[in-house]
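Note sheet for the following structure.
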Amino acid sequence: MSSNTPELVTRATGTPPGAPPQAQPDAQEQAEQASQNGDRRPAAQQEAPVSRGPALAWGAAAIVFVAGAAWASYAVARGTAFTTGQRAAAAWAGLLVVVAVAVLAQAILLAYQLRTGEPSGDSDTVRFRRRGVKAAVMGQDGRASTSKTQVALWTGAVVWALVDLLLLARAYPGGNLFSNAVTTNWHPEYLILLGLPVAAATAAKAAVASANAWNGPMDSHEQGQQRGLSGAVYVRRPVKDVKGVLVGVAELLTGDDGAVAWADLQYVVFTLITLTYFAAQFLARPAGGLPPVPAALLTLMGVSAGAYTANKIVNTKGTPAG
């Protein structure tokens with residue numbers, strides 16, 4: 001019985017009798033082979049391991065940043081003099097709080113993905129770009145999303161300003177600046193500034209998802225034909241294996257073909273102008289709460305967001321083969 005066991009094993013695994021047993025590939029090799037063969041399943045289903053190193057490093061960074069933000073906030077909030085130095089300290093402490101929240105979110109998301117597997121993606125580059133808090137500003141294809149970035153920028157700016165006002169509550173002799181900012185000094189245009197980018201991002205995502213009869217974007221016209229699509233096909237090039245902040249910034253200003261997209265460029269420029277005005281006015285007069293935004297800037301923001309959304313809808317209609 002025991003003498004036939006090796007032969008049975010070699011026959012079951014497809015190895016000829018007398019040949020040395022073949023080593024089975026580990027999880028990493030299986031994931032790489034699946035990626036090379038065009039396996040489009042989520043990475044968690046491909047059993048690609050997630051490294052503990054980055055998660056532990058970000059966890060330690062989160063502890064440092066949260067502790068530093070808490071100490072700075074406590075020290076600034078104790079101030080009772082509404083001086084230029086106190087206002088500057090509150091502004092820097094508020095910025096540190098926003099950064100600490102972002103670092104903490106990154107650590108939590110990496111720890112979560114460590115347990116559940118990496119985010120979905122068609123390649124290692126896409127999964128890397130959508131790992132952690134970066135997914136908040138990345139599209140499903142792994143490119144930096146212009147509309148999602150607007151949401152992140154305005155959310156961070158308003159949170160920074162409100163934290164600043166909280167820290168100056170004791171220093172201002174005329175009342176609680178935070179309470180005044182959200183009651184008597186509240187400006188409804190901030191509902192537009194916060195809601196408009198969300199609406200644009202939602203519309204852009206819906207346009208991409210509904211492309212090609214709700215099959216989503218294709219890598220080529222040939223793939224669309226294999227899926228039974230006729231006529232115009234929306235083709236989106238796979239993201240290149242390049243990383244870095246400058247690459248992400250460039251993707252905010254370009255389309256799927258890598259060329260400058262004027263709708264995206266216009267949207268980003270007018271957003272940065274409005275954000276600069278917001279920050280300058282707020283730092284100059286924090287006692288007035290969140291500063292009023294001129295109608296001209298709101299109009300430019302609205303027009304550029306509408307043009308961006310319309311351009312996204314038109315582009316996702318696709319082009320005929322050839």
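For the structure tokens, the naming scheme is as follows: chains receive sequential letters (A, B, ...) according to their order of presentation, residues are indexed from 1 within each chain, and ligands are indexed from 1 in presentation order.
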
May I have the residues within 12 Å of Thr309 of chain A as a ChimeraX atom specification, using only C-alpha atoms and disregarding those fewer than 2 positions away in the same chain?
/A:146-147,196-208,263-264,267,302-307,311-316

Where does DSSP see alpha helix (DSSP H) in segment 41-250 of chain A, if you list the residues as a VMD selection string?
chain A and resid 52 to 77 84 to 116 124 to 129 146 to 167 177 to 181 189 to 209 211 to 214 221 to 226 245 to 250

Let's have the selection written as a CSV table (one decimal), in the first residue's frame, with C-alpha atoms.
chain,number,residue,atom,x,y,z
A,52,ARG,CA,1.8,44.8,7.0
A,53,GLY,CA,4.8,47.2,6.8
A,54,PRO,CA,2.9,50.2,5.4
A,55,ALA,CA,-0.1,49.6,7.7
A,56,LEU,CA,2.1,49.6,10.8
A,57,ALA,CA,4.1,52.6,9.6
A,58,TRP,CA,0.9,54.6,9.0
A,59,GLY,CA,-0.5,53.5,12.3
A,60,ALA,CA,2.6,54.9,14.1
A,61,ALA,CA,2.4,58.1,12.1
A,62,ALA,CA,-1.3,58.4,13.0
A,63,ILE,CA,-0.4,58.2,16.7
A,64,VAL,CA,2.2,60.9,16.4
A,65,PHE,CA,0.1,63.3,14.3
A,66,VAL,CA,-3.0,62.8,16.5
A,67,ALA,CA,-1.0,63.4,19.6
A,68,GLY,CA,0.7,66.5,18.1
A,69,ALA,CA,-2.7,67.9,16.9
A,70,ALA,CA,-4.3,67.3,20.3
A,71,TRP,CA,-1.4,69.1,22.1
A,72,ALA,CA,-1.3,72.0,19.7
A,73,SER,CA,-5.1,72.4,19.9
A,74,TYR,CA,-5.0,72.4,23.7
A,75,ALA,CA,-2.2,75.0,23.8
A,76,VAL,CA,-3.9,77.3,21.3
A,77,ALA,CA,-7.4,77.0,22.8
A,84,THR,CA,-2.0,88.2,15.2
A,85,GLY,CA,0.3,85.6,16.8
A,86,GLN,CA,-2.7,83.8,18.4
A,87,ARG,CA,-4.6,83.8,15.1
A,88,ALA,CA,-1.6,82.5,13.2
A,89,ALA,CA,-1.2,79.7,15.8
A,90,ALA,CA,-4.8,78.8,15.5
A,91,ALA,CA,-4.6,78.6,11.7
A,92,TRP,CA,-1.5,76.3,11.8
A,93,ALA,CA,-3.1,74.1,14.6
A,94,GLY,CA,-6.3,73.8,12.5
A,95,LEU,CA,-4.2,72.7,9.5
A,96,LEU,CA,-2.4,70.2,11.7
A,97,VAL,CA,-5.8,68.8,12.8
A,98,VAL,CA,-6.9,68.3,9.2
A,99,VAL,CA,-3.6,66.5,8.4
A,100,ALA,CA,-3.9,64.3,11.5
A,101,VAL,CA,-7.4,63.3,10.5
A,102,ALA,CA,-6.2,62.4,7.0
A,103,VAL,CA,-3.3,60.3,8.4
A,104,LEU,CA,-5.6,58.6,10.8
A,105,ALA,CA,-8.0,57.7,8.0
A,106,GLN,CA,-5.1,56.3,6.0
A,107,ALA,CA,-4.0,54.1,8.9
A,108,ILE,CA,-7.6,52.9,9.5
A,109,LEU,CA,-8.2,52.1,5.8
A,110,LEU,CA,-4.9,50.3,5.4
A,111,ALA,CA,-5.6,48.2,8.5
A,112,TYR,CA,-9.1,47.4,7.1
A,113,GLN,CA,-7.6,46.4,3.8
A,114,LEU,CA,-5.0,44.3,5.5
A,115,ARG,CA,-7.9,42.2,6.9
A,116,THR,CA,-10.2,42.2,3.8
A,124,ASP,CA,-1.0,46.3,-9.5
A,125,THR,CA,-0.7,50.0,-10.4
A,126,VAL,CA,-4.5,50.6,-10.0
A,127,ARG,CA,-4.6,48.7,-6.7
A,128,PHE,CA,-1.7,50.7,-5.4
A,129,ARG,CA,-3.3,54.0,-6.4
A,146,THR,CA,-10.9,65.9,-11.1
A,147,SER,CA,-14.4,65.9,-9.5
A,148,LYS,CA,-13.4,63.9,-6.5
A,149,THR,CA,-10.4,66.1,-5.8
A,150,GLN,CA,-12.7,69.2,-5.7
A,151,VAL,CA,-14.8,67.4,-3.1
A,152,ALA,CA,-11.7,66.7,-1.0
A,153,LEU,CA,-10.3,70.2,-1.3
A,154,TRP,CA,-13.5,72.0,-0.3
A,155,THR,CA,-14.3,69.6,2.5
A,156,GLY,CA,-10.8,70.0,3.9
A,157,ALA,CA,-10.9,73.8,3.6
A,158,VAL,CA,-14.2,74.2,5.4
A,159,VAL,CA,-13.2,71.8,8.2
A,160,TRP,CA,-9.9,73.7,8.6
A,161,ALA,CA,-11.8,77.0,9.0
A,162,LEU,CA,-14.3,75.6,11.5
A,163,VAL,CA,-11.5,74.1,13.6
A,164,ASP,CA,-9.7,77.5,13.5
A,165,LEU,CA,-12.8,79.2,14.8
A,166,LEU,CA,-13.2,76.6,17.6
A,167,LEU,CA,-9.6,77.2,18.7
A,177,LEU,CA,-16.7,82.6,16.8
A,178,PHE,CA,-17.7,79.1,15.9
A,179,SER,CA,-21.3,79.6,17.1
A,180,ASN,CA,-21.6,82.8,15.2
A,181,ALA,CA,-20.1,81.2,12.0
A,189,GLU,CA,-23.3,79.7,-0.7
A,190,TYR,CA,-21.2,77.1,1.1
A,191,LEU,CA,-24.0,74.6,0.5
A,192,ILE,CA,-23.2,75.2,-3.2
A,193,LEU,CA,-19.5,75.1,-2.8
A,194,LEU,CA,-19.7,71.8,-0.9
A,195,GLY,CA,-22.6,70.3,-2.9
A,196,LEU,CA,-21.6,71.3,-6.4
A,197,PRO,CA,-18.4,69.1,-6.5
A,198,VAL,CA,-20.4,66.2,-5.1
A,199,ALA,CA,-23.0,66.5,-7.8
A,200,ALA,CA,-20.4,66.8,-10.5
A,201,ALA,CA,-18.5,63.7,-9.2
A,202,THR,CA,-21.8,61.7,-9.0
A,203,ALA,CA,-22.8,62.6,-12.5
A,204,ALA,CA,-19.3,61.8,-13.9
A,205,LYS,CA,-19.4,58.4,-12.1
A,206,ALA,CA,-22.9,57.7,-13.5
A,207,ALA,CA,-21.8,58.6,-17.0
A,208,VAL,CA,-18.8,56.3,-16.9
A,209,ALA,CA,-20.7,53.4,-15.3
A,211,ALA,CA,-21.2,53.7,-20.9
A,212,ASN,CA,-21.3,50.9,-23.4
A,213,ALA,CA,-24.9,49.8,-22.4
A,214,TRP,CA,-23.9,49.7,-18.7
A,221,HIS,CA,-12.8,48.5,-29.6
A,222,GLU,CA,-12.0,44.8,-30.1
A,223,GLN,CA,-13.0,44.1,-26.5
A,224,GLY,CA,-16.3,45.9,-27.1
A,225,GLN,CA,-17.0,43.8,-30.2
A,226,GLN,CA,-16.3,40.7,-28.1
A,245,VAL,CA,2.2,63.4,-7.0
A,246,LEU,CA,3.1,65.2,-10.2
A,247,VAL,CA,1.5,62.4,-12.2
A,248,GLY,CA,-1.7,62.8,-10.2
A,249,VAL,CA,-1.7,66.5,-10.7
A,250,ALA,CA,-1.3,66.1,-14.5

With only C-alpha atoms as the basis for distance, which of A:Leu168, A:Asp141, A:Leu265, A:Val182 is at the shortest distance from Val235 of chain A?
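Using only C-alpha atoms, the shortest distance to Val235 of chain A belongs to A:Asp141.
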
Give the answer as one residue: which of A:Trp262, A:Arg170, A:Arg227, A:Pro188 has the shortest atom-to-atom distance to Phe82 of chain A, using only C-alpha atoms?
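Nearest candidate to Phe82 of chain A out of A:Trp262, A:Arg170, A:Arg227, A:Pro188: A:Arg170.
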
Could you state the separation of atom CA of Asp257 of chain A and atom CA of Val137 of chain A in Å, given to one decimal place?
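Computed distance, atom CA of Asp257 of chain A to atom CA of Val137 of chain A, equals 19.1 Å.
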